[in-house]
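Peer 1: There's a structure below that I have some questions on.
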Amino acid sequence: MSTILLIEQILNGLQFGVMLFLMAAGLTLIFGVMGLINLAHGALYMVGAFAAASMAAWTGSFTLALIAALVAAAMFGALIELTVIRRLYKRDHLDQVLATFALILVFSEATRWVFGSFPLFLDMPDALSGTVMLPGGIEYSKYRLTIIIIGLLVALGLFLLIARTRVGMRIRAGENDREMIGALGVDISILYTMVFALGAALAGLSGALVGAIQSVEVGMGEPVLILAFVVIVIGGIGSIKGALAGAILVGLTDTLGRTLLPVLFSTFMDASAATTIGSALASMLIYILMAGVLIFKPTGLFGSA
Amino acid sequence: MADPVLAVHNISKSFGALKASDNVSLDLMPGEVHALIGPNGAGKSTLIKQIAGGLTPDEGRVELLGRDVTGLSTAARAQAGLSRTFQISALAMGYTPLENVMLGAVGQSGGVFRFFRPVMKDKMLLERAWQALKRVGLEENAHAMTSELSHGQRRQLEVAVALTLQPKAFIMDEPMAGMGAEGSKRLTDFLHTLKEEAPILLVEHDMDAVFALADRISVLVYGKIIATGSVDDIRNHPEVRTAYLGEEDAA
Amino acid sequence: MIRERYINAVILALMVIISIAALWMDEPFTITLATKAVILALAAVGLNLALGQGGLVSFGHAAYFGVGGYAMGILASHAQNYTPLMEVPFLIEGTNQMPVIWLVAVVASALLALVIGALSLRTSGVYFIMVTLAFGQMLYYFAISWPAYGGEDGLSIYVRNEFPGLNTLVPIQFFGLCFAVLCVVLFMVHRLNQSPFGLALMGAHQNEERARTVGINVTRLRLVAFVISGAITGLAGALFADLNRFVSPVMFDWHTSGQIMIFIILGGVARLCGPLAGASLYIILEHYLGGLSEYWQIYLGLILLFVVLFAKGGIVGGLARKEVRHG
């Protein structure tokens, strides 16, 4: 395998990782601040993608499509927070899992009802289609590169938000001590709704960005949700830094595993067996990674006990 | 002189810059009540955890009947004969008091992995459980719901569960906490007889109880034992008076 | 309010009465639905042991359900094609005998539960939920990408496997067999709940620290419960595959894990017959709501939300008198 192809795969892995980060960041933030496990996060990813696809079909503008994704996901996020989620903060994790699983059923079926079962398509903007020449003579998709940059900018923005702003300070206070933040006179329910809507918006953005590479369909958020869980387990719950590290690690492992394992196996077995075994093993690779982290650090790379 | 039942040798434990336990040594002799006192934040809970399990010291070791138990889990230490009670009652709230003491009896018997015979018909375990309840005077509440017991009754149940372990040594973390004067008095009398069965390491805030019960007292301040001695020694110890009793008087 | 044991008796009797009535009225489809409810209930009885009694919220029980299903699929497909399962180092042939398939399903899912449980029990709380979910998905993707047994398309078995002395293709006979298995397992779980093991397991659920301080190795206790739980769900998987005469990766899907959990919450967490009540209600909803609307899962979602938010305790919890023993 050539170096150029390898670098391209690394970039793909990075792009995948960055997308996972957008999902995992919201999940880990919501867990860190409110102590809630939210399975419906994948539904918000789907809402973002559908909103973007509809807006793009209507106006033809990709920028408007992204804005629609952010707004729609944030709105739906705030809506479910106000109606359902806030009743769950004090409940045990089983209730949270079941209630948010119920939300998935409602969201998925409602989307199928409105949009039908056929996938929608979201075209990437002309300005970002095609490839760009990177230093070293590597040709790479402009759009994917843009995703990487957007993802890293969001990561930077989140770090700044949490480290530098008043809202961030409240978020950190909330993580440490939920009682204290109430005592500070902060209206905690507004903060919670805001954090939830922020996480939802990130998921929606992620769904819209990926929607232009893959098809937009019901259930698209679920595989991503579970990968985001793997990311959080690896990175440590509640840690944005852990979410970023875990996401990149998972993105790279998965992408490179799928490319490299069949190649690696073909060096000592026949081609079809190598493809079979290689890709079967590649599909399990990130879970094996997760198991490895669990053995050595059950609270994740950046998690506290 | 007899060998100590429980011996703590030079335990140290730090959390970052904070030295929670600073070269602590103490022992528990047969038949005695050894009280551990000290102001809030002195590191009593941290020390108890290192002795009873749940926290591993950075340095030093804990010996039970001459056997090093420092590396053992909480469960293994309990099996070895260490029985602790908690400051805040740690009980199975959805169980009856009888079920709670049965849990202790089952744990101590080591027969957890028995899957078919009803536990509540096991004569041997039941006898031990009932005996423990009777000794703390809870037999009439045996079938109530634990969550409906009064605070004082929960403290009694906490002690009863410890009894079912038939331990070599007790570690009791503020057993009188929140008890009324009468209950406190009754428990004090009971512990007085209990220490003949197995010595008691007692963490307690109630100084009247400590002075009434303790054969020896150790004073822990900022993670260090600043004095160990008889009740009179400690009463008259100048350092203790300023560091600890002085504070009590002022408060 | 009523004693739980009477409710259990009524639930079990209802299953029998419905099936015999269906036989009388020549409605084999109703018998098949009842069989499905019984098998899904068995899967949930398995999960209930971990989740209800043990407090271990496993979101990956589809793994054991699927392994049970594939144990049946793989053994039966080799039997129907007359090809051995493996020849080296020694010959293993396929089989179409249910008792053998069940044994393989139980052992395989128990072993899997042992590995997954040992890893997952290093964590607790939310981590545990996410880790079990992830391991379940791992098997799902493996089943999809492994082409030998049908890959994504799954595997069809043309004739239902055999049980000595029965004609399993007759719906009422297969129902009877599944119902008998469920009753045997329920009896065993009932005894387990009363045993020292059950006391310790539920005690550790209510107060882990307390269980440790009385000398109970809580991790090992939970691992054993997890293995038994996985084995029961695996047995249900083998029966489910035989009901459909078909296995596919869908059995491994996380929606399957979610469904098994839903049976428990609808019926009543930690209740002996909660899973049966819940699975039956689910089948009824699926049948009738599914007949009303293609999008019946919206209503299922709303009902589930209602139960979680406002009607905790489920069917059995709503009817039974005594508060169940757990924290």
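Residues are referred to by chain and number: the chain letter is A, B, ... according to the order shown in the structure tokens, the number counts from 1 in that chain, and ligands are numbered separately from 1 in the order shown.
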For chain A, list the residues within 7 Å of chain C, counting only C-alpha atoms, and write the list as JSON, numbers by chain.
Peer 2: {"A": [37, 93, 94, 95, 99, 102, 103, 105, 106, 109, 110, 113, 226, 229, 230, 233, 276, 279, 280, 283, 284, 287, 291, 294, 295, 298]}
Peer 1: Take the residues from that selection and write them out as a compact mmCIF listing (two decimals), in the first residue's frame, keeping N, CA and C atoms.
Peer 2:
# COMPACT_ATOMS: atom_id res chain seq x y z
N ILE A 37 -27.98 9.72 30.92
CA ILE A 37 -27.57 8.96 29.74
C ILE A 37 -28.68 9.10 28.70
N HIS A 93 -30.59 5.18 36.22
CA HIS A 93 -30.15 5.08 34.82
C HIS A 93 -31.08 4.19 34.00
N LEU A 94 -31.69 3.21 34.64
CA LEU A 94 -32.60 2.33 33.92
C LEU A 94 -33.76 3.13 33.34
N ASP A 95 -34.34 4.00 34.16
CA ASP A 95 -35.44 4.84 33.68
C ASP A 95 -34.98 5.74 32.54
N ALA A 99 -36.67 5.57 28.91
CA ALA A 99 -37.41 6.74 28.41
C ALA A 99 -36.77 7.28 27.14
N ALA A 102 -37.53 5.05 24.35
CA ALA A 102 -38.89 5.32 23.88
C ALA A 102 -38.90 6.53 22.94
N LEU A 103 -38.11 7.54 23.28
CA LEU A 103 -38.03 8.73 22.41
C LEU A 103 -37.49 8.35 21.02
N LEU A 105 -37.91 5.52 19.48
CA LEU A 105 -39.01 4.89 18.74
C LEU A 105 -39.92 5.96 18.16
N VAL A 106 -40.27 6.94 19.01
CA VAL A 106 -41.19 7.99 18.57
C VAL A 106 -40.56 8.81 17.43
N GLU A 109 -40.05 6.63 14.08
CA GLU A 109 -41.29 6.33 13.38
C GLU A 109 -41.94 7.59 12.85
N ALA A 110 -41.85 8.66 13.62
CA ALA A 110 -42.45 9.91 13.16
C ALA A 110 -41.72 10.41 11.91
N TRP A 113 -42.80 8.42 9.02
CA TRP A 113 -44.16 8.80 8.67
C TRP A 113 -44.14 10.06 7.80
N ILE A 226 -23.91 4.53 19.13
CA ILE A 226 -23.22 3.46 19.84
C ILE A 226 -21.70 3.65 19.74
N PHE A 229 -20.76 6.09 22.24
CA PHE A 229 -20.64 5.47 23.57
C PHE A 229 -19.27 4.83 23.74
N VAL A 230 -18.83 4.13 22.68
CA VAL A 230 -17.51 3.52 22.76
C VAL A 230 -16.45 4.60 22.99
N VAL A 233 -16.60 5.71 26.62
CA VAL A 233 -16.04 4.71 27.53
C VAL A 233 -14.51 4.75 27.45
N THR A 276 -12.29 -11.79 4.00
CA THR A 276 -13.35 -12.19 4.91
C THR A 276 -12.94 -11.99 6.36
N SER A 279 -12.00 -8.27 7.25
CA SER A 279 -13.08 -7.30 7.45
C SER A 279 -13.95 -7.68 8.64
N ALA A 280 -14.09 -8.98 8.90
CA ALA A 280 -14.85 -9.37 10.09
C ALA A 280 -14.15 -8.89 11.36
N SER A 283 -14.42 -5.13 11.81
CA SER A 283 -15.69 -4.64 12.33
C SER A 283 -15.74 -4.73 13.85
N MET A 284 -14.85 -5.55 14.42
CA MET A 284 -14.84 -5.71 15.87
C MET A 284 -13.72 -4.93 16.55
N TYR A 287 -14.20 -2.37 19.36
CA TYR A 287 -14.73 -2.95 20.60
C TYR A 287 -13.61 -3.66 21.35
N ALA A 291 -12.36 -2.95 25.03
CA ALA A 291 -12.12 -3.98 26.04
C ALA A 291 -10.72 -3.80 26.64
N LEU A 294 -10.74 -1.02 29.07
CA LEU A 294 -11.44 -1.42 30.29
C LEU A 294 -10.55 -2.24 31.21
N ILE A 295 -9.72 -3.08 30.59
CA ILE A 295 -8.86 -3.92 31.41
C ILE A 295 -7.84 -3.07 32.16
N PRO A 298 -10.44 1.13 33.84
CA PRO A 298 -11.90 0.99 33.74
C PRO A 298 -12.64 2.32 33.68
Peer 1: Hey, list the chain C side of the contact with chain B: 7 Å cut-off, only C-alpha atoms, answer as a ChimeraX atom specification.
Peer 2: /C:191-192,194-197,199-200,203,206-207,210,212-217,325-327
Peer 1: If I take atom CA of Phe196 of chain A and atom CA of Met34 of chain A, how far is one from the other in Å, to one decimal?
Peer 2: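 The value is 8.9 Å.
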Peer 1: If you measure from atom CA of Thr253 of chain A to atom CA of Pro119 of chain A, what distance in Å do you get, rounded to one decimal?
Peer 2: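 Result for atom CA of Thr253 of chain A versus atom CA of Pro119 of chain A: 28.2 Å, one decimal.
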Peer 1: Can you list, as number ranges by chain, all residues belonging to segment 11-135 of chain B that DSSP tags as strand (DSSP E or B)?
Peer 2: B: 11-15, 18-28, 33-37, 59-64, 67-68, 82-85
Peer 1: Would you write out those residues with C-alpha atoms, as a CSV table (one decimal), in the first residue's frame?
Peer 2:
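Printed below is out.csv as written:
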chain,number,residue,atom,x,y,z
B,11,ILE,CA,0.3,3.6,57.5
B,12,SER,CA,0.6,6.6,55.2
B,13,LYS,CA,-1.8,7.8,52.6
B,14,SER,CA,-1.8,11.0,50.6
B,15,PHE,CA,-4.2,12.6,48.2
B,18,LEU,CA,-2.9,16.3,51.5
B,19,LYS,CA,-1.5,13.8,53.9
B,20,ALA,CA,-4.6,12.0,55.1
B,21,SER,CA,-2.7,9.5,57.1
B,22,ASP,CA,0.8,10.3,58.3
B,23,ASN,CA,2.7,7.3,59.6
B,24,VAL,CA,-0.1,6.0,61.7
B,25,SER,CA,0.4,3.0,64.0
B,26,LEU,CA,-2.1,1.7,66.5
B,27,ASP,CA,-3.1,-1.7,67.8
B,28,LEU,CA,-6.1,-3.4,69.4
B,33,VAL,CA,-12.2,-0.9,73.6
B,34,HIS,CA,-9.7,1.3,71.8
B,35,ALA,CA,-11.3,4.7,70.9
B,36,LEU,CA,-10.1,6.8,68.0
B,37,ILE,CA,-10.9,10.4,68.4
B,59,GLU,CA,2.8,2.7,52.8
B,60,GLY,CA,2.5,0.5,55.9
B,61,ARG,CA,0.5,-2.5,56.6
B,62,VAL,CA,-2.5,-3.8,58.5
B,63,GLU,CA,-2.3,-7.1,60.4
B,64,LEU,CA,-5.2,-9.2,61.8
B,67,ARG,CA,-1.7,-12.0,59.2
B,68,ASP,CA,-1.0,-9.3,56.7
B,82,LEU,CA,-13.0,-7.9,60.6
B,83,SER,CA,-16.4,-6.5,61.1
B,84,ARG,CA,-17.2,-2.9,60.7
B,85,THR,CA,-20.3,-0.7,61.2
